[in-house]
$ cat final.tsv   # TSV, C-alpha atoms
chain	number	residue	atom	x	y	z
A	1	MET	CA	0.00	0.00	0.00
A	2	TYR	CA	1.11	3.55	-0.73
A	3	TYR	CA	0.73	6.59	1.50
A	4	SER	CA	1.69	10.25	1.59
A	5	ALA	CA	3.24	12.20	4.49
A	6	TYR	CA	5.94	14.86	4.84
A	7	GLN	CA	5.70	15.31	1.04
A	8	LEU	CA	7.01	11.75	0.63
A	9	THR	CA	5.42	8.76	-1.07
A	10	ILE	CA	5.66	5.79	1.30
A	11	ALA	CA	5.27	2.14	0.34
A	12	SER	CA	4.44	0.12	3.45
A	13	GLU	CA	3.77	-3.56	4.14
A	14	LEU	CA	2.24	-2.47	7.46
A	15	PRO	CA	-1.14	-0.74	7.01
A	16	LEU	CA	-0.96	2.92	8.05
A	17	PRO	CA	-4.55	4.14	8.55
A	18	GLU	CA	-3.30	7.38	10.13
A	19	LEU	CA	-1.86	8.47	6.75
A	20	VAL	CA	-3.43	9.52	3.45
A	21	GLN	CA	-3.51	6.60	1.02
A	22	VAL	CA	-2.38	7.36	-2.55
A	23	ASN	CA	-1.97	5.54	-5.84
A	24	GLY	CA	1.30	3.72	-6.38
A	25	THR	CA	3.89	6.08	-7.83
A	26	GLN	CA	7.62	6.57	-7.52
A	27	THR	CA	8.47	5.62	-3.93
A	28	ASP	CA	10.55	7.79	-1.58
A	29	VAL	CA	10.39	5.52	1.48
A	30	THR	CA	9.89	1.77	1.86
A	31	ILE	CA	8.62	0.16	5.08
A	32	ARG	CA	8.84	-3.62	5.19
A	33	PHE	CA	9.03	-6.60	7.53
A	34	ASP	CA	12.29	-8.54	7.80
A	35	ASN	CA	14.78	-9.81	10.34
A	36	VAL	CA	16.69	-7.13	12.27
A	37	ALA	CA	19.85	-8.07	14.18
A	38	GLU	CA	19.20	-8.71	17.87
A	39	ASN	CA	22.33	-7.05	19.25
A	40	GLY	CA	22.60	-3.65	17.59
A	41	LEU	CA	24.98	-2.55	14.84
A	42	ALA	CA	28.37	-4.18	14.41
A	43	ASP	CA	29.83	-0.96	13.01
A	44	GLY	CA	27.80	1.45	15.13
A	45	GLU	CA	27.85	3.29	18.46
A	46	GLN	CA	25.64	2.22	21.35
A	47	LEU	CA	23.65	5.22	22.59
A	48	GLY	CA	21.53	3.37	25.12
A	49	PRO	CA	20.44	-0.14	26.15
A	50	PHE	CA	18.10	-0.39	23.14
A	51	LEU	CA	19.60	2.13	20.74
A	52	TRP	CA	22.53	1.99	18.30
A	53	ALA	CA	23.49	4.39	15.53
A	54	ALA	CA	25.97	4.71	12.67
A	55	PRO	CA	26.16	7.16	9.76
A	56	ASN	CA	22.85	6.89	7.87
A	57	THR	CA	21.65	4.03	10.10
A	58	LEU	CA	19.71	3.73	13.35
A	59	TRP	CA	18.84	0.52	15.24
A	60	LEU	CA	16.06	0.75	17.81
A	61	GLN	CA	14.51	-1.95	19.97
A	62	VAL	CA	11.23	-1.39	21.77
A	63	PRO	CA	10.99	-4.33	24.19
A	64	ASN	CA	8.01	-6.60	23.54
A	65	VAL	CA	7.02	-4.53	20.49
A	66	ALA	CA	9.59	-4.60	17.68
A	67	ARG	CA	13.11	-3.92	16.49
A	68	PHE	CA	13.47	-1.19	13.86
A	69	LEU	CA	16.30	-0.56	11.41
A	70	VAL	CA	16.19	2.87	9.77
A	71	ARG	CA	18.71	3.56	7.04
A	72	ASN	CA	19.66	5.97	4.27
A	73	GLY	CA	16.58	8.12	4.73
A	74	ASN	CA	14.56	5.79	2.54
A	75	GLU	CA	13.99	2.50	4.35
A	76	ILE	CA	12.54	1.25	7.64
A	77	ILE	CA	12.69	-2.47	8.43
A	78	ILE	CA	10.40	-3.83	11.17
A	79	ASP	CA	11.06	-7.05	13.08
A	80	PRO	CA	7.96	-7.41	15.30
A	81	ALA	CA	7.75	-9.28	18.59
A	82	ASP	CA	5.58	-12.38	18.61
A	83	GLY	CA	1.89	-11.61	18.98
A	84	ILE	CA	2.25	-7.82	18.99
A	85	ASP	CA	-0.61	-5.77	17.55
A	86	ASP	CA	-0.17	-3.42	14.58
A	87	ASP	CA	-1.27	-0.34	16.55
A	88	SER	CA	1.58	-0.73	19.03
A	89	ILE	CA	4.08	-1.06	16.17
A	90	ARG	CA	2.70	2.07	14.50
A	91	VAL	CA	3.17	4.18	17.65
A	92	PHE	CA	6.94	3.73	17.48
A	93	LEU	CA	7.17	3.52	13.68
A	94	LEU	CA	5.44	6.87	13.17
A	95	GLY	CA	7.34	8.40	16.09
A	96	SER	CA	10.94	7.47	16.77
A	97	ALA	CA	11.61	5.50	13.57
A	98	PHE	CA	10.21	8.20	11.31
A	99	GLY	CA	12.03	10.88	13.30
A	100	ALA	CA	15.33	9.12	12.58
A	101	LEU	CA	14.46	8.77	8.89
A	102	LEU	CA	13.68	12.48	8.61
A	103	PHE	CA	17.03	13.33	10.22
A	104	GLN	CA	18.71	11.10	7.65
A	105	ARG	CA	16.96	13.07	4.90
A	106	GLY	CA	18.67	16.25	6.06
A	107	LEU	CA	15.77	17.80	7.97
A	108	LEU	CA	15.63	19.56	11.32
A	109	VAL	CA	12.97	17.71	13.34
A	110	ILE	CA	11.15	19.67	16.05
A	111	HIS	CA	9.15	18.02	18.84
A	112	GLY	CA	5.94	20.01	18.68
A	113	ASN	CA	2.68	20.74	16.91
A	114	ALA	CA	2.39	23.02	13.88
A	115	VAL	CA	-0.74	25.06	13.09
A	116	ARG	CA	-1.37	27.08	9.94
A	117	ILE	CA	-1.90	30.81	10.43
A	118	GLY	CA	-2.62	32.38	7.04
A	119	ASP	CA	0.27	31.57	4.72
A	120	GLU	CA	2.65	30.82	7.61
A	121	CYS	CA	2.57	28.55	10.66
A	122	LEU	CA	3.25	28.51	14.36
A	123	ILE	CA	4.79	25.66	16.33
A	124	CYS	CA	4.09	24.93	19.99
A	125	VAL	CA	6.85	23.02	21.79
A	126	GLY	CA	7.42	21.92	25.36
A	127	PRO	CA	7.89	18.84	27.56
A	128	SER	CA	5.49	15.91	27.54
A	129	GLY	CA	2.29	16.93	29.29
A	130	ALA	CA	2.67	20.61	28.44
A	131	GLY	CA	-0.50	20.49	26.35
A	132	LYS	CA	0.85	20.67	22.80
A	133	SER	CA	-1.73	18.33	21.27
A	134	THR	CA	-4.57	19.74	23.36
A	135	LEU	CA	-3.71	23.22	22.14
A	136	ALA	CA	-3.56	21.98	18.53
A	137	ALA	CA	-7.04	20.47	18.95
A	138	ALA	CA	-8.30	23.80	20.30
A	139	PHE	CA	-6.91	25.60	17.24
A	140	MET	CA	-8.56	23.02	14.98
A	141	GLN	CA	-11.94	23.53	16.65
A	142	ARG	CA	-11.56	27.22	15.89
A	143	GLY	CA	-11.15	26.48	12.18
A	144	PHE	CA	-7.35	26.47	11.87
A	145	ASP	CA	-5.53	23.72	9.98
A	146	VAL	CA	-3.12	21.46	11.87
A	147	LEU	CA	0.01	20.96	9.79
A	148	ALA	CA	1.80	18.34	11.92
A	149	ASP	CA	1.41	16.66	15.31
A	150	ASP	CA	4.34	15.75	17.60
A	151	VAL	CA	6.94	15.48	14.81
A	152	VAL	CA	7.54	18.64	12.74
A	153	PRO	CA	10.27	18.35	10.09
A	154	VAL	CA	11.78	21.62	8.86
A	155	ASN	CA	13.77	22.00	5.65
A	156	ASP	CA	16.80	24.19	5.03
A	157	ALA	CA	14.59	27.08	3.90
A	158	GLY	CA	12.76	27.15	7.25
A	159	LEU	CA	9.57	25.55	5.91
A	160	ALA	CA	7.59	23.07	8.03
A	161	LEU	CA	6.53	19.97	6.08
A	162	PRO	CA	2.96	18.67	6.46
A	163	GLY	CA	2.80	15.47	8.49
A	164	PHE	CA	0.17	12.93	9.46
A	165	PRO	CA	-3.46	14.15	9.29
A	166	ARG	CA	-4.26	13.39	12.90
A	167	ILE	CA	-3.78	14.63	16.46
A	168	LYS	CA	-3.02	12.23	19.31
A	169	LEU	CA	-5.45	13.20	22.05
A	170	TRP	CA	-5.97	11.86	25.58
A	171	GLN	CA	-9.50	10.99	26.74
A	172	ASP	CA	-9.68	13.89	29.21
A	173	ALA	CA	-8.68	16.38	26.53
A	174	ALA	CA	-11.29	14.94	24.17
A	175	GLU	CA	-13.93	15.42	26.87
A	176	GLN	CA	-12.84	19.03	27.29
A	177	PHE	CA	-13.75	19.62	23.64
A	178	GLU	CA	-16.88	17.41	23.79
A	179	ILE	CA	-15.29	15.00	21.28
A	180	VAL	CA	-16.85	11.53	21.37
A	181	THR	CA	-14.10	8.92	21.20
A	182	ASP	CA	-16.26	5.82	20.65
A	183	ASP	CA	-15.39	5.60	16.95
A	184	LEU	CA	-11.79	6.87	17.18
A	185	ARG	CA	-8.79	4.54	16.95
A	186	ARG	CA	-6.78	4.16	20.14
A	187	ILE	CA	-3.08	4.66	19.50
A	188	ARG	CA	-2.49	1.43	21.47
A	189	PRO	CA	-5.15	-1.01	22.70
A	190	GLU	CA	-4.51	-0.39	26.40
A	191	MET	CA	-4.24	3.43	26.25
A	192	ASN	CA	-6.96	6.06	26.60
A	193	LYS	CA	-5.29	8.09	23.87
A	194	PHE	CA	-6.86	8.41	20.44
A	195	ASN	CA	-6.10	9.35	16.84
A	196	LEU	CA	-8.27	12.39	16.09
A	197	PRO	CA	-8.46	13.09	12.33
A	198	VAL	CA	-7.77	16.70	11.38
A	199	ASN	CA	-10.38	18.78	9.54
A	200	GLY	CA	-8.36	19.38	6.40
A	201	VAL	CA	-5.10	18.04	5.01
A	202	VAL	CA	-2.47	20.71	4.32
A	203	GLN	CA	-0.45	19.83	1.23
A	204	GLN	CA	2.20	22.53	1.02
A	205	ALA	CA	5.16	23.28	3.27
A	206	LEU	CA	4.75	26.56	5.16
A	207	PRO	CA	7.25	29.08	6.53
A	208	ILE	CA	7.58	29.01	10.31
A	209	ARG	CA	6.97	32.47	11.77
A	210	TRP	CA	6.28	31.83	15.47
A	211	ILE	CA	7.44	29.22	17.97
A	212	TYR	CA	5.95	29.14	21.47
A	213	ILE	CA	7.57	27.22	24.33
A	214	LEU	CA	4.78	26.04	26.63
A	215	GLY	CA	5.19	26.03	30.39
A	216	SER	CA	3.20	26.53	33.58
A	217	ASP	CA	3.67	28.30	36.91
A	218	HIS	CA	1.74	29.57	39.93
A	219	ILE	CA	0.59	32.75	38.21
A	220	ASP	CA	-2.82	34.34	37.60
A	221	GLU	CA	-2.73	34.89	33.85
A	222	ILE	CA	-1.09	33.74	30.62
A	223	THR	CA	2.18	35.57	30.01
A	224	PHE	CA	4.64	35.83	27.10
A	225	GLU	CA	8.37	36.40	27.21
A	226	ALA	CA	10.15	37.12	23.93
A	227	ILE	CA	13.47	35.33	23.37
A	228	ASN	CA	15.82	37.21	21.09
A	229	GLY	CA	19.17	36.95	19.34
A	230	MET	CA	21.53	34.12	20.20
A	231	ALA	CA	19.26	33.11	23.08
A	232	LYS	CA	16.96	31.47	20.50
A	233	PHE	CA	19.55	28.85	19.67
A	234	LEU	CA	19.44	26.69	22.81
A	235	PRO	CA	15.62	26.34	22.97
A	236	LEU	CA	15.62	25.05	19.39
A	237	GLN	CA	18.23	22.45	20.32
A	238	ASN	CA	16.35	21.50	23.49
A	239	ASN	CA	13.11	20.97	21.57
A	240	THR	CA	14.61	18.86	18.81
A	241	TYR	CA	12.85	15.51	18.44
A	242	ARG	CA	14.98	12.59	19.74
A	243	ALA	CA	18.16	14.71	19.68
A	244	LYS	CA	20.19	11.73	20.93
A	245	PHE	CA	19.83	10.17	17.48
A	246	LEU	CA	21.96	12.91	15.93
A	247	HIS	CA	25.20	12.00	17.68
A	248	GLY	CA	25.57	8.44	16.50
A	249	MET	CA	24.43	9.27	12.97
A	250	GLN	CA	27.04	12.08	12.84
A	251	LEU	CA	24.42	14.70	11.98
A	252	LYS	CA	25.11	17.12	14.84
A	253	PRO	CA	27.03	19.75	12.76
A	254	GLN	CA	24.25	19.86	10.18
A	255	HIS	CA	21.66	20.13	12.94
A	256	LEU	CA	23.44	23.06	14.62
A	257	SER	CA	23.65	24.89	11.29
A	258	MET	CA	19.93	24.42	10.64
A	259	CYS	CA	19.04	25.60	14.17
A	260	GLY	CA	21.00	28.78	13.50
A	261	LYS	CA	19.25	29.41	10.18
A	262	LEU	CA	15.81	28.84	11.67
A	263	ALA	CA	16.56	31.07	14.67
A	264	SER	CA	17.18	33.98	12.30
A	265	LYS	CA	13.74	33.59	10.68
A	266	ILE	CA	11.35	33.14	13.61
A	267	ARG	CA	9.83	34.95	16.54
A	268	LEU	CA	10.40	32.79	19.63
A	269	SER	CA	8.49	33.28	22.87
A	270	ARG	CA	8.02	31.51	26.17
A	271	LEU	CA	4.32	31.10	27.00
A	272	THR	CA	3.61	30.52	30.69
A	273	ARG	CA	0.10	29.59	31.80
A	274	PRO	CA	-1.42	29.17	35.26
A	275	LYS	CA	-1.13	25.66	36.67
A	276	LEU	CA	-4.88	25.73	37.40
A	277	GLY	CA	-7.90	27.64	36.21
A	278	PHE	CA	-7.11	28.02	32.52
A	279	THR	CA	-8.57	26.62	29.30
A	280	ALA	CA	-7.04	25.67	25.96
A	281	ASN	CA	-9.36	28.19	24.30
A	282	ALA	CA	-7.99	30.93	26.53
A	283	MET	CA	-4.49	29.98	25.37
A	284	VAL	CA	-5.60	30.14	21.72
A	285	ASP	CA	-7.03	33.63	22.34
A	286	ALA	CA	-3.81	34.75	24.01
A	287	ILE	CA	-1.61	33.38	21.20
A	288	LEU	CA	-3.75	34.95	18.46
A	289	LYS	CA	-3.58	38.30	20.27
A	290	ASP	CA	0.21	37.97	20.59
A	291	ILE	CA	0.48	37.19	16.87
A	292	GLU	CA	-1.65	40.23	16.04
A	293	VAL	CA	0.67	42.45	18.10
A	294	ASN	CA	3.84	40.73	16.88
A	295	PRO	CA	3.19	39.69	13.25

$ encode --input "final.tsv" --output "structure tokens"
Amino acid sequence: MYYSAYQLTIASELPLPELVQVNGTQTDVTIRFDNVAENGLADGEQLGPFLWAAPNTLWLQVPNVARFLVRNGNEIIIDPADGIDDDSIRVFLLGSAFGALLFQRGLLVIHGNAVRIGDECLICVGPSGAGKSTLAAAFMQRGFDVLADDVVPVNDAGLALPGFPRIKLWQDAAEQFEIVTDDLRRIRPEMNKFNLPVNGVVQQALPIRWIYILGSDHIDEITFEAINGMAKFLPLQNNTYRAKFLHGMQLKPQHLSMCGKLASKIRLSRLTRPKLGFTANAMVDAILKDIEVNP
């Protein structure tokens, strides 16, 4: 089966219902099942107990799920554990494995959610639990297009590439937006987290104009702090998706160069919200007002 994501045509032996299915054409990426070595890469560097890397190659084991071999920016090999379900494989395939593949294709990969604002886009970044996907869902309910969820690849020109047409949303966040989850796919059978289809599929890459770093504190209102000049550089590094992958694949110099280029093009701000007593819609209002003041 053939799919489209990140402006790539993907041929996959594993069904990928989260992606847009397309007719078979020239293939950019192949995903297939095969044996993957059990003990890492003979010519690679061990980065962790279940992670090895070499130039243009990454080996990843997710215990009791699968081993993945990602190489040359055009191939992902899956060696699944006995009896594992496809949904569990897809969680790590569409996350860590695809993140490595995008690095291999020369892209800067940001851990965040991208939302279209006119002919440009904003990206919200922050640690797990900061509310990135919840905020993206709030923007979508207000009529804005979601460009990418969780993994945002950026090319050398500072354009964000459109990703998978879904948002991963926890049950409590869905309830906040009165979204019924009965017919939504769980991202894994045992998790109360769901694949929420986006309203419209964005086809073109968009220039990144704003990046907001989400955080919380014991304050009374939503606040913004602009980050300027060289101070932009470190937050971009800190919010790179699976930055550990870069070292073993010898992509760190390229990554630093791309962070510098992107820093020169964007407006970067730290958004701090109250720990309690706020809503995602209030954050959308605050961000849109900030964008109006700081176009």

$ atom_distance --input "final.tsv" --atom1 "CA of Arg186 in chain A" --atom2 "CA of Leu108 in chain A"
28.6 Å

$ residues_around --input "final.tsv" --residues "range 272-289 of chain A" --least-positions-apart "3" --cutoff "12 Å" --atoms "only C-alpha atoms" --output "ChimeraX atom specification"
/A:115-118,121-124,126,129-144,173-174,176-177,210-226,269,292-295

$ write_last_selection --input "final.tsv" --atoms "C-alpha atoms" --output "PDB file, keeping the file's coordinate frame"
ATOM      1  CA  VAL A 115      -0.740  25.060  13.090  1.00  0.00           C
ATOM      2  CA  ARG A 116      -1.370  27.080   9.940  1.00  0.00           C
ATOM      3  CA  ILE A 117      -1.900  30.810  10.430  1.00  0.00           C
ATOM      4  CA  GLY A 118      -2.620  32.380   7.040  1.00  0.00           C
ATOM      5  CA  CYS A 121       2.570  28.550  10.660  1.00  0.00           C
ATOM      6  CA  LEU A 122       3.250  28.510  14.360  1.00  0.00           C
ATOM      7  CA  ILE A 123       4.790  25.660  16.330  1.00  0.00           C
ATOM      8  CA  CYS A 124       4.090  24.930  19.990  1.00  0.00           C
ATOM      9  CA  GLY A 126       7.420  21.920  25.360  1.00  0.00           C
ATOM     10  CA  GLY A 129       2.290  16.930  29.290  1.00  0.00           C
ATOM     11  CA  ALA A 130       2.670  20.610  28.440  1.00  0.00           C
ATOM     12  CA  GLY A 131      -0.500  20.490  26.350  1.00  0.00           C
ATOM     13  CA  LYS A 132       0.850  20.670  22.800  1.00  0.00           C
ATOM     14  CA  SER A 133      -1.730  18.330  21.270  1.00  0.00           C
ATOM     15  CA  THR A 134      -4.570  19.740  23.360  1.00  0.00           C
ATOM     16  CA  LEU A 135      -3.710  23.220  22.140  1.00  0.00           C
ATOM     17  CA  ALA A 136      -3.560  21.980  18.530  1.00  0.00           C
ATOM     18  CA  ALA A 137      -7.040  20.470  18.950  1.00  0.00           C
ATOM     19  CA  ALA A 138      -8.300  23.800  20.300  1.00  0.00           C
ATOM     20  CA  PHE A 139      -6.910  25.600  17.240  1.00  0.00           C
ATOM     21  CA  MET A 140      -8.560  23.020  14.980  1.00  0.00           C
ATOM     22  CA  GLN A 141     -11.940  23.530  16.650  1.00  0.00           C
ATOM     23  CA  ARG A 142     -11.560  27.220  15.890  1.00  0.00           C
ATOM     24  CA  GLY A 143     -11.150  26.480  12.180  1.00  0.00           C
ATOM     25  CA  PHE A 144      -7.350  26.470  11.870  1.00  0.00           C
ATOM     26  CA  ALA A 173      -8.680  16.380  26.530  1.00  0.00           C
ATOM     27  CA  ALA A 174     -11.290  14.940  24.170  1.00  0.00           C
ATOM     28  CA  GLN A 176     -12.840  19.030  27.290  1.00  0.00           C
ATOM     29  CA  PHE A 177     -13.750  19.620  23.640  1.00  0.00           C
ATOM     30  CA  TRP A 210       6.280  31.830  15.470  1.00  0.00           C
ATOM     31  CA  ILE A 211       7.440  29.220  17.970  1.00  0.00           C
ATOM     32  CA  TYR A 212       5.950  29.140  21.470  1.00  0.00           C
ATOM     33  CA  ILE A 213       7.570  27.220  24.330  1.00  0.00           C
ATOM     34  CA  LEU A 214       4.780  26.040  26.630  1.00  0.00           C
ATOM     35  CA  GLY A 215       5.190  26.030  30.390  1.00  0.00           C
ATOM     36  CA  SER A 216       3.200  26.530  33.580  1.00  0.00           C
ATOM     37  CA  ASP A 217       3.670  28.300  36.910  1.00  0.00           C
ATOM     38  CA  HIS A 218       1.740  29.570  39.930  1.00  0.00           C
ATOM     39  CA  ILE A 219       0.590  32.750  38.210  1.00  0.00           C
ATOM     40  CA  ASP A 220      -2.820  34.340  37.600  1.00  0.00           C
ATOM     41  CA  GLU A 221      -2.730  34.890  33.850  1.00  0.00           C
ATOM     42  CA  ILE A 222      -1.090  33.740  30.620  1.00  0.00           C
ATOM     43  CA  THR A 223       2.180  35.570  30.010  1.00  0.00           C
ATOM     44  CA  PHE A 224       4.640  35.830  27.100  1.00  0.00           C
ATOM     45  CA  GLU A 225       8.370  36.400  27.210  1.00  0.00           C
ATOM     46  CA  ALA A 226      10.150  37.120  23.930  1.00  0.00           C
ATOM     47  CA  SER A 269       8.490  33.280  22.870  1.00  0.00           C
ATOM     48  CA  GLU A 292      -1.650  40.230  16.040  1.00  0.00           C
ATOM     49  CA  VAL A 293       0.670  42.450  18.100  1.00  0.00           C
ATOM     50  CA  ASN A 294       3.840  40.730  16.880  1.00  0.00           C
ATOM     51  CA  PRO A 295       3.190  39.690  13.250  1.00  0.00           C
TER      52      PRO A 295
END

$ closest_atom_pairs --input "final.tsv" --of "range 24-127 of chain A" --to "range 234-257 of chain A" --cutoff "9 Å" --atoms "all atoms listed in the file" --output "JSON lines"
{"residue": "A:Gly44", "atom": "CA", "partner": "A:Gly248", "partner_atom": "CA", "distance": 7.5}
{"residue": "A:Glu45", "atom": "CA", "partner": "A:Gly248", "partner_atom": "CA", "distance": 6.0}
{"residue": "A:Gln46", "atom": "CA", "partner": "A:Gly248", "partner_atom": "CA", "distance": 7.9}
{"residue": "A:Leu47", "atom": "CA", "partner": "A:Gly248", "partner_atom": "CA", "distance": 7.2}
{"residue": "A:Leu51", "atom": "CA", "partner": "A:Phe245", "partner_atom": "CA", "distance": 8.7}
{"residue": "A:Trp52", "atom": "CA", "partner": "A:Gly248", "partner_atom": "CA", "distance": 7.4}
{"residue": "A:Ala53", "atom": "CA", "partner": "A:Gly248", "partner_atom": "CA", "distance": 4.7}
{"residue": "A:Ala54", "atom": "CA", "partner": "A:Met249", "partner_atom": "CA", "distance": 4.8}
{"residue": "A:Pro55", "atom": "CA", "partner": "A:Met249", "partner_atom": "CA", "distance": 4.2}
{"residue": "A:Asn56", "atom": "CA", "partner": "A:Met249", "partner_atom": "CA", "distance": 5.8}
{"residue": "A:Thr57", "atom": "CA", "partner": "A:Met249", "partner_atom": "CA", "distance": 6.6}
{"residue": "A:Leu58", "atom": "CA", "partner": "A:Met249", "partner_atom": "CA", "distance": 7.3}
{"residue": "A:Ser96", "atom": "CA", "partner": "A:Arg242", "partner_atom": "CA", "distance": 7.2}
{"residue": "A:Gly99", "atom": "CA", "partner": "A:Tyr241", "partner_atom": "CA", "distance": 7.0}
{"residue": "A:Ala100", "atom": "CA", "partner": "A:Phe245", "partner_atom": "CA", "distance": 6.7}
{"residue": "A:Phe103", "atom": "CA", "partner": "A:Leu246", "partner_atom": "CA", "distance": 7.6}
{"residue": "A:Gln104", "atom": "CA", "partner": "A:Leu251", "partner_atom": "CA", "distance": 8.0}
{"residue": "A:Gly106", "atom": "CA", "partner": "A:Gln254", "partner_atom": "CA", "distance": 7.8}
{"residue": "A:Leu107", "atom": "CA", "partner": "A:His255", "partner_atom": "CA", "distance": 8.1}
{"residue": "A:Leu108", "atom": "CA", "partner": "A:His255", "partner_atom": "CA", "distance": 6.3}
{"residue": "A:Val109", "atom": "CA", "partner": "A:Tyr241", "partner_atom": "CA", "distance": 5.6}
{"residue": "A:Ile110", "atom": "CA", "partner": "A:Thr240", "partner_atom": "CA", "distance": 4.5}
{"residue": "A:His111", "atom": "CA", "partner": "A:Tyr241", "partner_atom": "CA", "distance": 4.5}
{"residue": "A:Gly112", "atom": "CA", "partner": "A:Asn239", "partner_atom": "CA", "distance": 7.8}
{"residue": "A:Val125", "atom": "CA", "partner": "A:Asn239", "partner_atom": "CA", "distance": 6.6}
{"residue": "A:Gly126", "atom": "CA", "partner": "A:Asn239", "partner_atom": "CA", "distance": 6.9}
{"residue": "A:Pro127", "atom": "CA", "partner": "A:Asn239", "partner_atom": "CA", "distance": 8.2}

$ atom_distance --input "final.tsv" --atom1 "CA of Thr30 in chain A" --atom2 "CA of Ala157 in chain A"
25.8 Å

$ residues_around --input "final.tsv" --residues "Gln203 in chain A" --least-positions-apart "2" --cutoff "7 Å" --atoms "all atoms listed in the file" --output "VMD selection string"
chain A and resid 162 201 205

$ atom_distance --input "final.tsv" --atom1 "CA of Asp43 in chain A" --atom2 "CA of Arg90 in chain A"
27.3 Å

$ residues_around --input "final.tsv" --residues "range 7-23 of chain A" --least-positions-apart "3" --cutoff "7 Å" --atoms "all atoms listed in the file" --output "JSON, numbers by chain"
{"A": [1, 2, 3, 4, 27, 28, 29, 30, 31, 32, 33, 161, 162, 164, 165, 166]}

$ closest_residue --input "final.tsv" --among "A:Tyr6, A:Trp59, A:Phe50, A:Phe68" --to "Pro153 in chain A" --atoms "only C-alpha atoms"
A:Tyr6

$ residues_around --input "final.tsv" --residues "Asp34 in chain A" --least-positions-apart "2" --cutoff "9 Å" --atoms "all atoms listed in the file" --output "ChimeraX atom specification"
/A:32,36,77-80

$ residues_around --input "final.tsv" --residues "Asn228 in chain A" --least-positions-apart "2" --cutoff "8 Å" --atoms "all atoms listed in the file" --output "list of chain:residue names"
A:Ala226, A:Met230, A:Ala231, A:Lys232, A:Arg267, A:Leu268

$ closest_residue --input "final.tsv" --among "A:Gly260, A:Gly200, A:Gly24, A:Pro207" --to "Asp119 in chain A" --atoms "all atoms listed in the file"
A:Pro207
